[in-house]
>>> print(open('coords_1.pdb').read())   # PDB, C-alpha atoms
ATOM      1  CA  MET A   1      60.163  36.568 146.257
ATOM      2  CA  SER A   2      59.561  40.293 145.823
ATOM      3  CA  MET A   3      62.231  42.964 145.792
ATOM      4  CA  ASN A   4      60.888  44.077 149.180
ATOM      5  CA  ASP A   5      61.872  40.666 150.575
ATOM      6  CA  LEU A   6      65.396  41.043 149.204
ATOM      7  CA  ASP A   7      65.521  44.547 150.670
ATOM      8  CA  ALA A   8      64.591  43.118 154.084
ATOM      9  CA  LEU A   9      67.307  40.462 153.903
ATOM     10  CA  GLU A  10      69.841  43.064 152.781
ATOM     11  CA  ALA A  11      68.895  45.423 155.620
ATOM     12  CA  GLN A  12      69.161  42.658 158.225
ATOM     13  CA  SER A  13      72.580  41.537 156.957
ATOM     14  CA  ILE A  14      73.895  45.103 156.926
ATOM     15  CA  TYR A  15      72.632  45.569 160.476
ATOM     16  CA  ILE A  16      74.432  42.373 161.586
ATOM     17  CA  LEU A  17      77.693  43.480 159.937
ATOM     18  CA  ARG A  18      77.566  46.905 161.567
ATOM     19  CA  GLU A  19      76.634  45.406 164.931
ATOM     20  CA  ALA A  20      79.589  43.008 164.766
ATOM     21  CA  PHE A  21      81.962  45.824 163.802
ATOM     22  CA  ASN A  22      80.662  47.975 166.648
ATOM     23  CA  ARG A  23      80.571  45.309 169.355
ATOM     24  CA  LEU A  24      83.724  43.286 168.742
ATOM     25  CA  ASP A  25      87.297  44.455 169.213
ATOM     26  CA  LYS A  26      88.992  42.746 166.297
ATOM     27  CA  ILE A  27      87.135  40.997 163.508
ATOM     28  CA  ALA A  28      87.837  39.541 160.080
ATOM     29  CA  MET A  29      85.698  38.226 157.236
ATOM     30  CA  LEU A  30      86.233  34.817 155.663
ATOM     31  CA  TRP A  31      86.253  34.738 151.870
ATOM     32  CA  SER A  32      85.849  31.302 150.287
ATOM     33  CA  ILE A  33      85.480  32.928 146.823
ATOM     34  CA  GLY A  34      82.082  31.258 146.438
ATOM     35  CA  LYS A  35      78.781  32.977 145.643
ATOM     36  CA  ASP A  36      77.764  33.400 149.287
ATOM     37  CA  SER A  37      80.967  35.042 150.425
ATOM     38  CA  ASN A  38      80.932  37.290 147.348
ATOM     39  CA  VAL A  39      77.448  38.463 148.330
ATOM     40  CA  MET A  40      78.688  38.938 151.895
ATOM     41  CA  LEU A  41      81.574  41.096 150.666
ATOM     42  CA  TRP A  42      79.162  43.127 148.552
ATOM     43  CA  LEU A  43      76.979  43.701 151.618
ATOM     44  CA  ALA A  44      80.010  44.749 153.665
ATOM     45  CA  ARG A  45      80.908  47.338 151.047
ATOM     46  CA  LYS A  46      77.325  48.629 151.225
ATOM     47  CA  ALA A  47      77.375  48.650 155.021
ATOM     48  CA  PHE A  48      80.599  50.655 155.196
ATOM     49  CA  PHE A  49      80.136  53.027 152.269
ATOM     50  CA  GLY A  50      82.189  51.370 149.576
ATOM     51  CA  HIS A  51      85.036  49.739 151.470
ATOM     52  CA  VAL A  52      85.611  46.801 153.824
ATOM     53  CA  PRO A  53      86.999  48.059 157.174
ATOM     54  CA  PHE A  54      88.334  44.709 158.404
ATOM     55  CA  PRO A  55      90.680  42.055 156.972
ATOM     56  CA  VAL A  56      89.323  39.636 154.392
ATOM     57  CA  VAL A  57      90.791  36.182 155.052
ATOM     58  CA  HIS A  58      91.183  33.406 152.504
ATOM     59  CA  VAL A  59      92.437  30.042 153.775
ATOM     60  CA  ASP A  60      94.332  28.611 150.800
ATOM     61  CA  THR A  61      94.551  24.818 150.700
ATOM     62  CA  LYS A  62      96.602  24.846 147.470
ATOM     63  CA  HIS A  63      93.936  22.531 146.060
ATOM     64  CA  LYS A  64      91.480  25.185 144.879
ATOM     65  CA  ILE A  65      90.215  25.220 141.304
ATOM     66  CA  PRO A  66      92.518  27.628 139.377
ATOM     67  CA  GLU A  67      89.611  29.824 138.219
ATOM     68  CA  MET A  68      88.819  30.540 141.874
ATOM     69  CA  ILE A  69      92.307  31.841 142.631
ATOM     70  CA  GLU A  70      92.308  33.992 139.482
ATOM     71  CA  PHE A  71      88.949  35.462 140.537
ATOM     72  CA  ARG A  72      90.230  36.088 144.088
ATOM     73  CA  ASP A  73      93.297  38.001 142.967
ATOM     74  CA  ARG A  74      91.422  40.048 140.384
ATOM     75  CA  VAL A  75      88.494  41.060 142.609
ATOM     76  CA  ALA A  76      90.744  41.770 145.600
ATOM     77  CA  LYS A  77      92.632  44.264 143.455
ATOM     78  CA  GLU A  78      89.525  45.793 141.864
ATOM     79  CA  TRP A  79      87.744  46.232 145.205
ATOM     80  CA  ASN A  80      90.914  47.197 147.105
ATOM     81  CA  LEU A  81      90.291  44.480 149.683
ATOM     82  CA  PRO A  82      92.523  44.152 152.772
ATOM     83  CA  LEU A  83      93.233  40.529 151.824
ATOM     84  CA  ILE A  84      95.065  38.077 154.081
ATOM     85  CA  ILE A  85      95.966  34.689 152.596
ATOM     86  CA  GLY A  86      96.820  31.954 155.067
ATOM     87  CA  GLU A  87      97.728  28.298 154.766
ATOM     88  CA  ASN A  88      98.826  25.393 156.925
ATOM     89  CA  THR A  89     102.348  25.237 155.529
ATOM     90  CA  ALA A  90     103.454  22.426 157.835
ATOM     91  CA  ALA A  91     100.603  20.140 156.762
ATOM     92  CA  LEU A  92     101.159  20.943 153.090
ATOM     93  CA  ALA A  93     104.888  20.266 153.419
ATOM     94  CA  ALA A  94     104.080  16.912 155.025
ATOM     95  CA  GLY A  95     102.021  15.956 151.987
ATOM     96  CA  MET A  96      98.508  16.403 153.377
ATOM     97  CA  GLY A  97      95.826  15.930 150.749
ATOM     98  CA  PRO A  98      92.479  14.229 150.103
ATOM     99  CA  HIS A  99      94.231  10.901 149.487
ATOM    100  CA  LEU A 100      94.697  10.730 153.274
ATOM    101  CA  GLY A 101      90.943  11.081 153.852
ATOM    102  CA  ARG A 102      88.796  14.045 152.930
ATOM    103  CA  VAL A 103      87.719  14.869 156.487
ATOM    104  CA  SER A 104      91.349  14.661 157.654
ATOM    105  CA  CYS A 105      92.399  16.900 154.770
ATOM    106  CA  CYS A 106      89.675  19.491 155.483
ATOM    107  CA  THR A 107      90.594  19.480 159.168
ATOM    108  CA  ALA A 108      94.295  20.028 158.511
ATOM    109  CA  LEU A 109      94.166  22.463 155.591
ATOM    110  CA  LYS A 110      90.975  24.402 156.334
ATOM    111  CA  THR A 111      90.162  24.152 160.062
ATOM    112  CA  ASP A 112      93.735  24.099 161.372
ATOM    113  CA  GLY A 113      94.779  26.639 158.733
ATOM    114  CA  LEU A 114      92.056  28.992 159.990
ATOM    115  CA  LYS A 115      93.010  28.399 163.617
ATOM    116  CA  GLN A 116      96.586  29.389 162.805
ATOM    117  CA  ILE A 117      95.380  32.681 161.312
ATOM    118  CA  LEU A 118      93.150  33.326 164.337
ATOM    119  CA  GLY A 119      96.058  32.684 166.692
ATOM    120  CA  GLU A 120      98.476  34.809 164.697
ATOM    121  CA  HIS A 121      96.201  37.844 164.424
ATOM    122  CA  GLY A 122      94.122  37.495 167.585
ATOM    123  CA  TYR A 123      90.704  37.962 165.980
ATOM    124  CA  THR A 124      87.842  37.984 168.495
ATOM    125  CA  GLY A 125      85.242  37.491 165.794
ATOM    126  CA  VAL A 126      85.108  35.975 162.312
ATOM    127  CA  ILE A 127      82.335  36.741 159.810
ATOM    128  CA  ALA A 128      81.355  33.757 157.658
ATOM    129  CA  GLY A 129      78.889  33.387 154.781
ATOM    130  CA  ILE A 130      76.995  30.263 155.804
ATOM    131  CA  ARG A 131      73.250  29.727 155.290
ATOM    132  CA  ARG A 132      70.848  27.547 157.274
ATOM    133  CA  ASP A 133      69.272  26.025 154.169
ATOM    134  CA  GLU A 134      72.574  24.807 152.739
ATOM    135  CA  GLU A 135      73.165  21.883 155.090
ATOM    136  CA  GLY A 136      71.420  20.377 158.118
ATOM    137  CA  THR A 137      74.222  21.067 160.589
ATOM    138  CA  ARG A 138      74.257  24.753 159.690
ATOM    139  CA  ALA A 139      70.549  24.939 160.546
ATOM    140  CA  LYS A 140      71.610  24.659 164.207
ATOM    141  CA  GLU A 141      73.738  27.813 164.010
ATOM    142  CA  ARG A 142      73.112  31.258 165.480
ATOM    143  CA  VAL A 143      73.882  34.627 163.918
ATOM    144  CA  PHE A 144      76.290  35.433 166.762
ATOM    145  CA  SER A 145      77.712  32.026 167.627
ATOM    146  CA  PRO A 146      80.223  31.590 170.489
ATOM    147  CA  ARG A 147      83.213  29.283 170.064
ATOM    148  CA  THR A 148      85.666  27.773 172.524
ATOM    149  CA  GLU A 149      89.243  29.000 172.851
ATOM    150  CA  GLU A 150      90.174  26.271 170.353
ATOM    151  CA  ALA A 151      87.465  27.543 167.931
ATOM    152  CA  GLY A 152      85.274  24.524 168.687
ATOM    153  CA  TRP A 153      81.486  24.752 168.291
ATOM    154  CA  ASP A 154      79.088  23.207 170.811
ATOM    155  CA  PHE A 155      75.925  22.940 168.717
ATOM    156  CA  LYS A 156      74.012  21.701 171.800
ATOM    157  CA  ASP A 157      74.689  24.904 173.736
ATOM    158  CA  GLN A 158      73.809  27.944 171.650
ATOM    159  CA  PRO A 159      72.263  31.222 172.848
ATOM    160  CA  PRO A 160      68.595  31.839 171.990
ATOM    161  CA  GLU A 161      67.855  34.313 169.194
ATOM    162  CA  PHE A 162      64.203  35.356 169.077
ATOM    163  CA  TRP A 163      62.629  37.978 166.819
ATOM    164  CA  ASP A 164      66.030  39.029 165.446
ATOM    165  CA  GLN A 165      67.288  39.889 168.928
ATOM    166  CA  PHE A 166      70.946  38.854 168.925
ATOM    167  CA  LYS A 167      73.071  38.206 172.012
ATOM    168  CA  THR A 168      76.332  40.144 171.644
ATOM    169  CA  ASP A 169      77.375  40.649 175.288
ATOM    170  CA  PHE A 170      79.569  37.595 175.754
ATOM    171  CA  ALA A 171      82.264  37.185 178.405
ATOM    172  CA  PRO A 172      85.643  38.795 177.624
ATOM    173  CA  GLY A 173      87.833  36.526 175.515
ATOM    174  CA  THR A 174      84.907  34.720 173.878
ATOM    175  CA  HIS A 175      85.543  34.033 170.219
ATOM    176  CA  LEU A 176      82.515  34.527 167.948
ATOM    177  CA  ARG A 177      81.487  33.458 164.471
ATOM    178  CA  ILE A 178      79.095  35.942 162.879
ATOM    179  CA  HIS A 179      76.733  34.772 160.125
ATOM    180  CA  PRO A 180      74.997  37.653 158.300
ATOM    181  CA  LEU A 181      73.558  35.371 155.579
ATOM    182  CA  LEU A 182      72.097  32.744 157.894
ATOM    183  CA  ALA A 183      68.462  33.526 156.960
ATOM    184  CA  TRP A 184      69.127  33.627 153.198
ATOM    185  CA  THR A 185      68.419  30.754 150.816
ATOM    186  CA  GLU A 186      70.329  29.710 147.725
ATOM    187  CA  LEU A 187      67.596  31.296 145.600
ATOM    188  CA  ASP A 188      67.804  34.519 147.623
ATOM    189  CA  VAL A 189      71.538  34.659 146.943
ATOM    190  CA  TRP A 190      71.154  34.237 143.186
ATOM    191  CA  ARG A 191      68.260  36.692 142.972
ATOM    192  CA  TYR A 192      70.365  39.229 144.856
ATOM    193  CA  ILE A 193      73.341  38.547 142.575
ATOM    194  CA  GLU A 194      71.059  39.203 139.607
ATOM    195  CA  ARG A 195      69.618  42.397 141.088
ATOM    196  CA  GLU A 196      72.968  43.835 142.149
ATOM    197  CA  SER A 197      75.084  42.472 139.246
ATOM    198  CA  ILE A 198      77.558  40.921 141.683
ATOM    199  CA  PRO A 199      80.507  39.163 140.030
ATOM    200  CA  VAL A 200      80.904  35.410 140.604
ATOM    201  CA  VAL A 201      83.303  32.748 139.396
ATOM    202  CA  GLU A 202      82.492  31.509 135.880
ATOM    203  CA  LEU A 203      82.445  27.924 137.180
ATOM    204  CA  TYR A 204      78.861  28.491 138.310
ATOM    205  CA  PHE A 205      77.714  28.724 134.694
ATOM    206  CA  SER A 206      77.126  25.723 132.455
ATOM    207  CA  LYS A 207      79.881  24.553 130.145
ATOM    208  CA  ASN A 208      79.440  21.397 128.082
ATOM    209  CA  GLY A 209      76.277  20.576 130.020
ATOM    210  CA  ARG A 210      77.844  20.814 133.511
ATOM    211  CA  ARG A 211      78.196  23.506 136.156
ATOM    212  CA  TYR A 212      79.116  23.891 139.817
ATOM    213  CA  ARG A 213      76.504  24.566 142.495
ATOM    214  CA  SER A 214      79.027  24.775 145.333
ATOM    215  CA  LEU A 215      82.746  25.538 145.085
ATOM    216  CA  GLY A 216      85.588  24.067 147.129
ATOM    217  CA  CYS A 217      88.834  22.221 146.566
ATOM    218  CA  ALA A 218      89.276  20.682 143.113
ATOM    219  CA  PRO A 219      89.688  17.028 144.216
ATOM    220  CA  CYS A 220      86.550  17.147 146.389
ATOM    221  CA  THR A 221      84.158  19.304 144.365
ATOM    222  CA  GLY A 222      82.055  17.931 141.529
ATOM    223  CA  SER A 223      79.764  19.544 138.984
ATOM    224  CA  VAL A 224      76.097  18.829 138.251
ATOM    225  CA  ALA A 225      74.280  18.373 134.959
ATOM    226  CA  SER A 226      72.906  21.734 133.903
ATOM    227  CA  THR A 227      72.294  23.960 130.896
ATOM    228  CA  ALA A 228      72.060  27.162 132.979
ATOM    229  CA  SER A 229      74.595  29.587 131.518
ATOM    230  CA  THR A 230      73.234  32.868 132.932
ATOM    231  CA  VAL A 231      72.138  34.031 136.381
ATOM    232  CA  ALA A 232      68.519  34.143 135.193
ATOM    233  CA  GLU A 233      68.750  30.540 133.975
ATOM    234  CA  ILE A 234      70.316  29.436 137.276
ATOM    235  CA  ILE A 235      67.383  31.009 139.148
ATOM    236  CA  GLU A 236      64.906  29.243 136.882
ATOM    237  CA  GLU A 237      66.703  25.935 137.392
ATOM    238  CA  LEU A 238      66.782  26.281 141.173
ATOM    239  CA  GLU A 239      63.062  26.923 141.331
ATOM    240  CA  THR A 240      62.404  23.308 140.281
ATOM    241  CA  THR A 241      65.520  21.260 141.096
ATOM    242  CA  LYS A 242      65.498  18.557 143.771
ATOM    243  CA  ILE A 243      69.279  18.081 143.749
ATOM    244  CA  SER A 244      71.063  19.085 146.946
ATOM    245  CA  GLU A 245      73.291  22.148 146.710
ATOM    246  CA  ARG A 246      76.238  20.293 148.261
ATOM    247  CA  SER A 247      75.694  17.072 146.312
ATOM    248  CA  GLY A 248      79.055  17.629 144.640
ATOM    249  CA  ARG A 249      81.028  18.083 147.875
ATOM    250  CA  ALA A 250      82.777  14.772 148.510
ATOM    251  CA  GLN A 251      83.717  15.439 152.151
ATOM    252  CA  ASP A 252      80.005  15.529 153.063
ATOM    253  CA  GLN A 253      79.607  11.964 151.788
ATOM    254  CA  GLU A 254      82.473  10.415 153.762
ATOM    255  CA  SER A 255      80.223   9.554 156.716
ATOM    256  CA  GLU A 256      76.778  10.527 157.964
ATOM    257  CA  ASP A 257      78.098  12.969 160.555
ATOM    258  CA  ALA A 258      81.230  14.081 158.689
ATOM    259  CA  PHE A 259      80.180  17.684 158.209
ATOM    260  CA  GLU A 260      78.902  18.033 161.781
ATOM    261  CA  ARG A 261      82.226  16.749 163.115
ATOM    262  CA  LEU A 262      84.111  19.183 160.885
ATOM    263  CA  ARG A 263      82.076  22.164 162.092
ATOM    264  CA  ALA A 264      82.230  21.126 165.737
ATOM    265  CA  GLY A 265      86.007  21.180 165.401
ATOM    266  CA  GLY A 266      86.091  24.715 164.023
ATOM    267  CA  TYR A 267      85.440  24.281 160.299
ATOM    268  CA  MET A 268      83.892  27.198 158.428
TER     269      MET A 268
END
>>> encode(input="coords_1.pdb", output="structure tokens")
Amino acid sequence: MSMNDLDALEAQSIYILREAFNRLDKIAMLWSIGKDSNVMLWLARKAFFGHVPFPVVHVDTKHKIPEMIEFRDRVAKEWNLPLIIGENTAALAAGMGPHLGRVSCCTALKTDGLKQILGEHGYTGVIAGIRRDEEGTRAKERVFSPRTEEAGWDFKDQPPEFWDQFKTDFAPGTHLRIHPLLAWTELDVWRYIERESIPVVELYFSKNGRRYRSLGCAPCTGSVASTASTVAEIIEELETTKISERSGRAQDQESEDAFERLRAGGYM
């Protein structure tokens, strides 16, 4: 990929972010602390001249890898982010965790936790850093994707998006998910991180022959064999690997349609 290709992806994502900010009454950006959402935050700062003009929401499950939380707190302070941290306190108090089933845990701590934040703050749109190439279900998404009042996603009924023409004139009260990175690939993300020197969690880099490709909750996220200890080495590795990006995410393996069911119910 040439730098011109990265420039085109960057320009499209910035356009989507500005369009969402202009068209929707009250929006927020989800921050998972992973590489994609860090790139998305970087793009938002470019789009709005050095600052993020909407809340940055992190849904804390209390099961995140400690390095992720340290990175979140440090970068939020350095970038002066309008950070909102939410959690499903009732589910946590009741002892919810992956031992009760990973899909059940994700639904309670991530999906329901997000729904609580949406209800509390009344956001009409949420910006999320998903990519089509990451997982088959996400390939069915749209850039501006309508949700039900309960944040549910009907993947069989999505608006057409041809030639980068995005439908933004939805009926009043429609909740939207906005996906500015949908056309990016994992390689695009890492090449952009390299070009822009975007900070990422150290867990992505090899230590003792292992590294993380995808970050989530500690009990459900595994590492892969790798010697890539720099961004350049990660790019080189990805150019030849046949291992799935989400191969270390245990909730995806629980059943064939587990991830589709999670997203249909409002998962990020």
>>> atom_distance(input="coords_1.pdb", atom1="atom CA of A:Asp36", atom2="atom CA of A:Ile130")
7.3 Å
>>> resolve_selection(input="coords_1.pdb", expression="the PyMOL selection byres ((chain A and resi 228) around 8)", output="PDB file with C-alpha atoms, keeping the file's coordinate frame")
ATOM      1  CA  PHE A 205      77.714  28.724 134.694  1.00  0.00           C
ATOM      2  CA  SER A 206      77.126  25.723 132.455  1.00  0.00           C
ATOM      3  CA  ARG A 211      78.196  23.506 136.156  1.00  0.00           C
ATOM      4  CA  SER A 226      72.906  21.734 133.903  1.00  0.00           C
ATOM      5  CA  THR A 227      72.294  23.960 130.896  1.00  0.00           C
ATOM      6  CA  SER A 229      74.595  29.587 131.518  1.00  0.00           C
ATOM      7  CA  THR A 230      73.234  32.868 132.932  1.00  0.00           C
ATOM      8  CA  VAL A 231      72.138  34.031 136.381  1.00  0.00           C
ATOM      9  CA  GLU A 233      68.750  30.540 133.975  1.00  0.00           C
ATOM     10  CA  ILE A 234      70.316  29.436 137.276  1.00  0.00           C
ATOM     11  CA  GLU A 237      66.703  25.935 137.392  1.00  0.00           C
TER      12      GLU A 237
END
>>> atom_distance(input="coords_1.pdb", atom1="atom CA of A:Leu83", atom2="atom CA of A:Lys35")
17.4 Å
>>> residues_near_point(input="coords_1.pdb", point="(68.6, 43.2, 150.4)", cutoff="12 Å", atoms="all atoms listed in the file", output="PyMOL selection string")
chain A and resi 1-15+39-40+42-44+46-47+180-181+183-184+188-196
>>> atom_distance(input="coords_1.pdb", atom1="atom CA of A:Asp25", atom2="atom CA of A:Val143")
17.5 Å
>>> residues_near_point(input="coords_1.pdb", point="(71.9, 28.3, 164.8)", cutoff="10 Å", atoms="all atoms listed in the file", output="ChimeraX atom specification")
/A:131-132,137-145,155-161,179,182
>>> write_last_selection(input="coords_1.pdb", atoms="C-alpha atoms", output="short mmCIF file (atom, residue, chain, number, x, y, z; two decimals), keeping the file's coordinate frame")
data_model
loop_
_atom_site.label_atom_id
_atom_site.label_comp_id
_atom_site.auth_asym_id
_atom_site.auth_seq_id
_atom_site.Cartn_x
_atom_site.Cartn_y
_atom_site.Cartn_z
CA ARG A 131 73.25 29.73 155.29
CA ARG A 132 70.85 27.55 157.27
CA THR A 137 74.22 21.07 160.59
CA ARG A 138 74.26 24.75 159.69
CA ALA A 139 70.55 24.94 160.55
CA LYS A 140 71.61 24.66 164.21
CA GLU A 141 73.74 27.81 164.01
CA ARG A 142 73.11 31.26 165.48
CA VAL A 143 73.88 34.63 163.92
CA PHE A 144 76.29 35.43 166.76
CA SER A 145 77.71 32.03 167.63
CA PHE A 155 75.92 22.94 168.72
CA LYS A 156 74.01 21.70 171.80
CA ASP A 157 74.69 24.90 173.74
CA GLN A 158 73.81 27.94 171.65
CA PRO A 159 72.26 31.22 172.85
CA PRO A 160 68.60 31.84 171.99
CA GLU A 161 67.86 34.31 169.19
CA HIS A 179 76.73 34.77 160.12
CA LEU A 182 72.10 32.74 157.89
#
>>> residues_around(input="coords_1.pdb", residues="stretch 55-62 of chain A", least_positions_apart="6", cutoff="8 Å", atoms="only C-alpha atoms", output="ChimeraX atom specification")
/A:27-32,81-88,109-110,113-114,217
>>> write_last_selection(input="coords_1.pdb", atoms="C-alpha atoms", output="JSON list (two decimals), in the frame of the given file")
[["chain", "number", "residue", "atom", "x", "y", "z"],
["A", 27, "ILE", "CA", 87.14, 41.00, 163.51],
["A", 28, "ALA", "CA", 87.84, 39.54, 160.08],
["A", 29, "MET", "CA", 85.70, 38.23, 157.24],
["A", 30, "LEU", "CA", 86.23, 34.82, 155.66],
["A", 31, "TRP", "CA", 86.25, 34.74, 151.87],
["A", 32, "SER", "CA", 85.85, 31.30, 150.29],
["A", 81, "LEU", "CA", 90.29, 44.48, 149.68],
["A", 82, "PRO", "CA", 92.52, 44.15, 152.77],
["A", 83, "LEU", "CA", 93.23, 40.53, 151.82],
["A", 84, "ILE", "CA", 95.06, 38.08, 154.08],
["A", 85, "ILE", "CA", 95.97, 34.69, 152.60],
["A", 86, "GLY", "CA", 96.82, 31.95, 155.07],
["A", 87, "GLU", "CA", 97.73, 28.30, 154.77],
["A", 88, "ASN", "CA", 98.83, 25.39, 156.93],
["A", 109, "LEU", "CA", 94.17, 22.46, 155.59],
["A", 110, "LYS", "CA", 90.98, 24.40, 156.33],
["A", 113, "GLY", "CA", 94.78, 26.64, 158.73],
["A", 114, "LEU", "CA", 92.06, 28.99, 159.99],
["A", 217, "CYS", "CA", 88.83, 22.22, 146.57]]
>>> residues_around(input="coords_1.pdb", residues="A:Arg246", least_positions_apart="6", cutoff="9 Å", atoms="only C-alpha atoms", output="PyMOL selection string")
chain A and resi 134-135+213-215+221+252
>>> resolve_selection(input="coords_1.pdb", expression="the PyMOL selection byres ((chain A and resi 123) around 10)", output="ChimeraX atom specification")
/A:24-28,55,117-122,124-126,175-176
>>> resolve_selection(input="coords_1.pdb", expression="the PyMOL selection byres ((chain A and resi 75) around 12)", output="ChimeraX atom specification")
/A:31,33,38,41-42,56,68-74,76-83,198-201
>>> residues_around(input="coords_1.pdb", residues="A:Tyr212", least_positions_apart="3", cutoff="6 Å", atoms="all atoms listed in the file", output="count of residues only")
3
>>> build_atoms(input="coords_1.pdb", residues="stretch 25-43 of chain A", atoms="N, CA and C atoms", output="compact mmCIF listing (two decimals), in the frame of the given file")
# COMPACT_ATOMS: atom_id res chain seq x y z
N ASP A 25 86.05 43.70 169.25
CA ASP A 25 87.30 44.46 169.21
C ASP A 25 88.05 44.27 167.90
N LYS A 26 88.15 43.03 167.46
CA LYS A 26 88.99 42.75 166.30
C LYS A 26 88.35 41.64 165.48
N ILE A 27 87.84 41.98 164.31
CA ILE A 27 87.14 41.00 163.51
C ILE A 27 87.75 40.89 162.12
N ALA A 28 87.42 39.78 161.46
CA ALA A 28 87.84 39.54 160.08
C ALA A 28 86.68 38.86 159.36
N MET A 29 86.72 38.88 158.05
CA MET A 29 85.70 38.23 157.24
C MET A 29 86.34 37.12 156.41
N LEU A 30 85.74 35.93 156.46
CA LEU A 30 86.23 34.82 155.66
C LEU A 30 85.73 34.95 154.23
N TRP A 31 86.61 34.66 153.29
CA TRP A 31 86.25 34.74 151.87
C TRP A 31 86.63 33.42 151.21
N SER A 32 85.61 32.60 150.92
CA SER A 32 85.85 31.30 150.29
C SER A 32 85.92 31.43 148.77
N ILE A 33 85.53 32.60 148.25
CA ILE A 33 85.48 32.93 146.82
C ILE A 33 84.20 32.41 146.18
N GLY A 34 83.34 31.75 146.96
CA GLY A 34 82.08 31.26 146.44
C GLY A 34 81.03 32.35 146.38
N LYS A 35 79.86 32.00 145.86
CA LYS A 35 78.78 32.98 145.64
C LYS A 35 78.33 33.64 146.93
N ASP A 36 78.24 32.85 148.02
CA ASP A 36 77.76 33.40 149.29
C ASP A 36 78.73 34.43 149.86
N SER A 37 80.01 34.10 149.85
CA SER A 37 80.97 35.04 150.43
C SER A 37 81.16 36.25 149.53
N ASN A 38 80.90 36.11 148.22
CA ASN A 38 80.93 37.29 147.35
C ASN A 38 79.77 38.23 147.66
N VAL A 39 78.59 37.65 147.91
CA VAL A 39 77.45 38.46 148.33
C VAL A 39 77.74 39.13 149.67
N MET A 40 78.36 38.38 150.58
CA MET A 40 78.69 38.94 151.90
C MET A 40 79.65 40.12 151.77
N LEU A 41 80.65 39.99 150.91
CA LEU A 41 81.57 41.10 150.67
C LEU A 41 80.85 42.31 150.09
N TRP A 42 79.94 42.05 149.16
CA TRP A 42 79.16 43.13 148.55
C TRP A 42 78.37 43.87 149.63
N LEU A 43 77.75 43.10 150.53
CA LEU A 43 76.98 43.70 151.62
C LEU A 43 77.87 44.50 152.56
